>>> print(open('final.cif').read())   # mmCIF, C-alpha atoms
data_protein
loop_
_atom_site.label_atom_id
_atom_site.label_comp_id
_atom_site.auth_asym_id
_atom_site.auth_seq_id
_atom_site.Cartn_x
_atom_site.Cartn_y
_atom_site.Cartn_z
CA MET A 1207 69.92 162.64 146.33
CA GLY A 1208 66.23 162.01 146.77
CA ILE A 1209 65.66 165.75 147.15
CA MET A 1210 67.49 166.52 143.89
CA ILE A 1211 65.56 163.82 142.02
CA THR A 1212 62.22 164.99 143.43
CA TYR A 1213 62.70 168.69 142.69
CA GLY A 1214 64.38 167.85 139.38
CA SER A 1215 61.18 166.15 138.29
CA TYR A 1216 59.35 169.47 138.76
CA MET A 1217 61.69 171.37 136.40
CA LYS A 1218 60.26 172.93 133.27
CA LYS A 1219 61.40 171.58 129.91
CA ASP A 1220 63.04 174.87 128.92
CA VAL A 1221 65.47 174.78 131.88
CA SER A 1222 68.97 173.46 131.18
CA ILE A 1223 69.64 170.47 133.43
CA GLU A 1224 73.39 170.69 132.80
CA ASN A 1225 73.61 174.37 133.77
CA SER A 1226 71.44 173.83 136.85
CA ALA A 1227 73.55 170.87 137.98
CA ARG A 1228 76.77 172.85 137.51
CA ASN A 1229 75.45 175.87 139.42
CA ILE A 1230 74.19 173.73 142.29
CA GLY A 1231 77.49 171.87 142.52
CA VAL A 1232 79.60 175.04 142.51
CA ILE A 1233 77.44 176.91 145.04
CA ASP A 1234 77.05 173.91 147.37
CA THR A 1235 80.78 173.15 147.33
CA GLY A 1236 81.68 176.81 147.81
CA VAL A 1237 79.40 177.16 150.84
CA ALA A 1238 80.78 173.93 152.33
CA ILE A 1239 84.38 175.15 151.92
CA LEU A 1240 83.59 178.53 153.49
CA ALA A 1241 81.82 176.83 156.41
CA GLY A 1242 84.80 174.56 156.92
CA LEU A 1243 87.23 177.49 156.85
CA MET A 1244 85.20 179.19 159.58
CA ILE A 1245 84.52 176.20 161.84
CA ILE A 1246 87.52 173.84 161.59
CA PRO A 1247 90.30 176.39 162.42
CA ALA A 1248 88.33 177.58 165.45
CA ALA A 1249 87.89 173.99 166.63
CA PHE A 1250 91.62 173.30 166.21
CA THR A 1251 92.52 176.50 168.07
CA MET A 1252 90.40 175.43 171.05
CA GLY A 1253 91.77 171.87 171.03
CA PHE A 1254 88.81 170.13 169.35
CA GLY A 1255 90.44 169.42 166.00
CA ASP A 1256 89.59 165.71 166.10
CA SER A 1257 85.84 166.33 166.51
CA SER A 1258 83.36 165.61 163.73
CA GLY A 1259 79.67 165.03 163.08
CA MET A 1260 77.37 165.33 166.08
CA GLY A 1261 80.32 165.75 168.43
CA LEU A 1262 81.60 168.77 166.52
CA MET A 1263 78.19 170.44 166.27
CA PHE A 1264 76.78 169.89 169.77
CA VAL A 1265 79.79 169.19 172.00
CA ALA A 1266 82.90 170.88 170.62
CA LEU A 1267 81.42 174.06 169.10
CA PRO A 1268 79.53 175.14 172.26
CA GLN A 1269 82.84 174.98 174.14
CA VAL A 1270 84.57 176.83 171.30
CA PHE A 1271 81.97 179.61 171.49
CA GLU A 1272 82.31 179.73 175.25
CA GLY A 1273 86.06 180.27 175.01
CA MET A 1274 86.10 182.82 172.17
CA PRO A 1275 85.63 186.60 172.49
CA GLY A 1276 82.03 187.53 171.75
CA GLY A 1277 81.01 183.87 171.76
CA PHE A 1278 77.82 184.67 173.67
CA ILE A 1279 76.71 186.69 170.63
CA VAL A 1280 78.03 184.40 167.89
CA ALA A 1281 76.65 181.17 169.41
CA PRO A 1282 72.91 182.12 169.36
CA ILE A 1283 73.22 183.46 165.80
CA PHE A 1284 75.06 180.33 164.64
CA TYR A 1285 72.54 177.88 166.11
CA LEU A 1286 69.62 179.99 164.88
CA LEU A 1287 71.02 179.61 161.36
CA VAL A 1288 71.45 175.87 162.03
CA LEU A 1289 67.77 175.76 163.01
CA PHE A 1290 66.75 177.49 159.76
CA ALA A 1291 68.93 175.09 157.77
CA ALA A 1292 67.37 172.12 159.55
CA LEU A 1293 63.81 173.37 158.93
CA THR A 1294 64.37 173.98 155.22
CA SER A 1295 66.04 170.58 154.87
CA ALA A 1296 63.14 168.94 156.72
CA VAL A 1297 60.65 170.53 154.30
CA SER A 1298 62.67 169.26 151.33
CA LEU A 1299 62.90 165.76 152.80
CA LEU A 1300 59.18 165.79 153.57
CA GLU A 1301 58.42 166.67 149.95
CA THR A 1302 60.47 163.67 148.80
CA VAL A 1303 58.54 161.26 151.03
CA VAL A 1304 55.21 162.84 150.10
CA SER A 1305 55.95 162.49 146.38
CA VAL A 1306 56.68 158.78 146.87
CA PHE A 1307 53.32 158.22 148.54
CA VAL A 1308 51.53 160.24 145.85
CA ASP A 1309 53.25 158.57 142.88
CA LEU A 1310 53.55 154.97 144.07
CA LYS A 1311 50.62 154.58 146.45
CA ALA A 1312 48.21 156.87 144.58
CA LEU A 1313 47.38 158.72 147.80
CA ARG A 1314 45.99 162.22 147.83
CA ARG A 1315 48.62 164.86 148.63
CA LYS A 1316 46.97 166.02 151.86
CA LYS A 1317 46.79 162.46 153.22
CA SER A 1318 50.40 161.84 152.16
CA ILE A 1319 51.55 164.94 154.04
CA ILE A 1320 49.77 163.82 157.20
CA ILE A 1321 51.27 160.31 157.08
CA SER A 1322 54.76 161.63 156.33
CA THR A 1323 54.55 164.23 159.11
CA ILE A 1324 53.53 161.58 161.64
CA LEU A 1325 56.49 159.39 160.65
CA ILE A 1326 58.92 162.32 160.92
CA VAL A 1327 57.54 163.34 164.33
CA ILE A 1328 57.95 159.78 165.65
CA LEU A 1329 61.58 159.64 164.51
CA GLY A 1330 62.11 163.15 165.89
CA ILE A 1331 60.84 162.06 169.31
CA PHE A 1332 63.49 159.33 169.38
CA SER A 1333 66.19 161.90 168.56
CA VAL A 1334 65.02 164.43 171.17
CA MET A 1335 64.45 161.89 173.95
CA GLY A 1336 67.84 160.38 173.11
CA PHE A 1337 69.42 163.33 174.89
CA GLY A 1338 67.38 162.54 178.01
CA PRO A 1339 65.66 159.43 179.35
CA TRP A 1340 66.28 157.37 176.19
CA TYR A 1341 69.98 158.17 176.02
CA PHE A 1342 72.38 155.32 175.33
CA ASP A 1343 75.94 155.03 174.11
CA ILE A 1344 77.13 152.31 171.73
CA GLY A 1345 80.50 153.83 170.95
CA PRO A 1346 81.27 155.48 167.62
CA PHE A 1347 77.99 154.37 166.08
CA SER A 1348 76.00 156.73 168.32
CA GLN A 1349 78.72 159.44 168.41
CA GLY A 1350 77.77 160.20 172.01
CA ALA A 1351 74.43 161.61 170.80
CA GLY A 1352 72.16 158.60 171.31
CA TRP A 1353 69.49 158.04 168.67
CA LEU A 1354 70.46 161.21 166.78
CA GLY A 1355 73.99 159.88 166.41
CA VAL A 1356 72.71 156.50 165.25
CA PHE A 1357 70.48 158.08 162.61
CA ASP A 1358 73.34 160.33 161.50
CA SER A 1359 75.79 157.42 161.24
CA LEU A 1360 73.29 155.23 159.38
CA THR A 1361 72.42 157.89 156.82
CA ASN A 1362 75.81 159.54 156.23
CA SER A 1363 78.19 156.58 156.55
CA VAL A 1364 76.03 153.67 155.36
CA LEU A 1365 72.80 154.45 153.51
CA MET A 1366 73.91 157.44 151.40
CA PRO A 1367 77.01 155.74 149.93
CA ILE A 1368 75.06 152.53 149.27
CA ILE A 1369 72.19 154.40 147.58
CA ALA A 1370 74.69 156.42 145.52
CA ILE A 1371 76.46 153.23 144.37
CA LEU A 1372 73.16 151.57 143.46
CA THR A 1373 72.07 154.73 141.60
CA CYS A 1374 75.25 154.67 139.48
CA ILE A 1375 74.79 150.97 138.72
CA PHE A 1376 71.10 151.44 137.90
CA ILE A 1377 71.75 154.37 135.55
CA GLY A 1378 74.90 152.97 133.98
CA TYR A 1379 73.96 149.33 133.47
CA VAL A 1380 70.21 148.80 133.96
CA ILE A 1381 68.29 151.63 132.27
CA LYS A 1382 71.44 152.76 130.39
CA VAL A 1383 72.99 156.23 130.47
CA THR A 1384 71.28 157.25 127.22
CA VAL A 1385 68.01 157.64 129.13
CA ILE A 1386 69.61 160.44 131.14
CA THR A 1387 71.57 162.02 128.31
CA ASP A 1388 68.53 162.07 126.03
CA GLU A 1389 66.51 163.77 128.79
CA ILE A 1390 69.21 166.41 129.23
CA LYS A 1391 69.37 167.08 125.47
CA GLU A 1392 65.58 167.18 125.03
CA GLY A 1393 64.36 170.29 123.28
CA GLY A 1394 67.70 170.92 121.64
CA MET A 1395 69.59 171.56 124.88
CA ALA A 1396 73.36 171.15 124.73
CA PHE A 1397 75.20 168.59 126.87
CA ARG A 1398 78.84 169.63 126.66
CA PHE A 1399 80.09 167.19 129.29
CA GLU A 1400 78.25 164.12 128.02
CA LYS A 1401 81.33 161.90 127.59
CA PRO A 1402 82.86 162.75 131.01
CA PHE A 1403 79.43 162.19 132.57
CA VAL A 1404 79.15 158.70 131.05
CA ILE A 1405 82.65 157.76 132.23
CA MET A 1406 82.04 159.09 135.73
CA ILE A 1407 78.63 157.46 136.24
CA LYS A 1408 79.69 154.04 134.91
CA TYR A 1409 83.25 153.65 136.15
CA VAL A 1410 84.70 156.37 138.36
CA CYS A 1411 81.87 157.18 140.79
CA PRO A 1412 80.99 153.57 141.76
CA VAL A 1413 84.65 152.83 142.60
CA LEU A 1414 85.20 156.02 144.60
CA LEU A 1415 81.89 155.64 146.43
CA THR A 1416 82.79 152.06 147.37
CA PHE A 1417 86.08 153.29 148.84
CA MET A 1418 84.17 155.96 150.76
CA LEU A 1419 81.77 153.37 152.16
CA VAL A 1420 84.50 150.93 153.19
CA PHE A 1421 86.84 153.51 154.75
CA GLY A 1422 83.90 155.28 156.41
CA LEU A 1423 82.83 152.07 158.14
CA LEU A 1424 86.41 151.22 159.12
CA ASP A 1425 86.87 154.69 160.57
CA MET A 1426 83.54 154.54 162.40
CA PHE A 1427 84.47 151.36 164.21
CA GLY A 1428 88.05 152.44 164.89
CA VAL A 1429 89.68 149.84 162.66
CA PHE A 1430 91.44 152.28 160.34
CA SER A 1431 91.47 156.03 159.98
CA LEU A 1432 92.88 158.31 157.29
CA TYR A 1433 93.19 161.20 159.74
#
>>> encode(input="final.cif", output="structure tokens")
Amino acid sequence: MGIMITYGSYMKKDVSIENSARNIGVIDTGVAILAGLMIIPAAFTMGFGDSSGMGLMFVALPQVFEGMPGGFIVAPIFYLLVLFAALTSAVSLLETVVSVFVDLKALRRKKSIIISTILIVILGIFSVMGFGPWYFDIGPFSQGAGWLGVFDSLTNSVLMPIIAILTCIFIGYVIKVTVITDEIKEGGMAFRFEKPFVIMIKYVCPVLLTFMLVFGLLDMFGVFSLY
């Protein structure tokens, strides 16, 4: 979300926000579905259908590749693509943090990049060393991946839903939705889905996100699972 907000602020005024949002949503969802259709059936076939998150990526899939024909070729290509995806995501996340330092702390961009890079390297050391001398296991919260699992659980299951809920509340009831709709329609741009957007941001999304947060936490701690 922070990445979308940061790069959205760099958009030119003659670019349609509605069209861009629709294209991003369709492409992102399509890629996610295709990835799922490739990975999940293979995991089920090899007996790892209940794996997810860090366990699926770094425990189940290596064994899937080992047991499949040509896995010694597919595995390096797959994890090379994962590396590229991680690097591009890291650059995007770094830009978000840098923009916060520049806008709120009035720091020069070069200094902001240095500070942000140092913070990311420190957190990265925890993740890397968590597979070695700093490894620990606190059940589902670490997903068997130490610090990397903890960071993944905190961001995906806790922080992202909470931030999304607060964003909906902030837009819908604090600054009001008209601030967003007026921005989208600036320069005579059309906003064909304005009414559905208002309904979703004020009523539907906060409720669904709250359910996601609650059931995600219950599933993480083994209290209740939908699967």
>>> residues_around(input="final.cif", residues="Ile1371 in chain A", least_positions_apart="2", cutoff="12 Å", atoms="all atoms listed in the file", output="list in words")
Met1207, Val1364, Leu1365, Met1366, Pro1367, Ile1368, Ile1369, Thr1373, Cys1374, Ile1375, Phe1376, Ile1377, Gly1378, Tyr1379, Met1406, Ile1407, Lys1408, Tyr1409, Val1410, Cys1411, Pro1412, Val1413, Leu1414, Leu1415, Thr1416, Phe1417, Met1418 and Leu1419 of chain A
>>> residues_around(input="final.cif", residues="Asp1220 in chain A", least_positions_apart="3", cutoff="10 Å", atoms="only C-alpha atoms", output="list in words")
Met1217, Ile1223, Glu1392, Gly1393, Gly1394 and Met1395 of chain A
>>> write_last_selection(input="final.cif", atoms="C-alpha atoms", output="mmCIF file, keeping the file's coordinate frame")
data_model
loop_
_atom_site.group_PDB
_atom_site.id
_atom_site.type_symbol
_atom_site.label_atom_id
_atom_site.label_comp_id
_atom_site.auth_asym_id
_atom_site.auth_seq_id
_atom_site.Cartn_x
_atom_site.Cartn_y
_atom_site.Cartn_z
ATOM 1 C CA MET A 1217 61.690 171.370 136.400
ATOM 2 C CA ILE A 1223 69.640 170.470 133.430
ATOM 3 C CA GLU A 1392 65.580 167.180 125.030
ATOM 4 C CA GLY A 1393 64.360 170.290 123.280
ATOM 5 C CA GLY A 1394 67.700 170.920 121.640
ATOM 6 C CA MET A 1395 69.590 171.560 124.880
#
>>> atom_distance(input="final.cif", atom1="CA of Ala1312 in chain A", atom2="CA of Leu1300 in chain A")
16.8 Å
>>> resolve_selection(input="final.cif", expression="the PyMOL selection byres ((chain A and resi 1313-1328) around 12)", output="PyMOL selection string")
chain A and resi 1296-1297+1299-1312+1329-1335
>>> atom_distance(input="final.cif", atom1="CA of Ala1249 in chain A", atom2="CA of Val1280 in chain A")
14.4 Å
>>> closest_residue(input="final.cif", among="A:Met1210, A:Met1426, A:Ile1390, A:Ala1266", to="Asp1358 in chain A", atoms="only C-alpha atoms")
A:Met1426
>>> atom_distance(input="final.cif", atom1="CA of Val1380 in chain A", atom2="CA of Ala1396 in chain A")
24.4 Å
>>> axis_aligned_box(input="final.cif", around="range 1288-1300 of chain A", padding_each_side="5 Å", output="lines of an AutoDock Vina configuration file")
center_x = 65.3
center_y = 171.6
center_z = 157.2
size_x = 22.3
size_y = 21.7
size_z = 21.7
>>> residues_around(input="final.cif", residues="Ala1281 in chain A", least_positions_apart="3", cutoff="9 Å", atoms="only C-alpha atoms", output="list in words")
Leu1267, Pro1268, Phe1271, Glu1272, Gly1276, Gly1277, Phe1278, Phe1284, Tyr1285 and Leu1286 of chain A
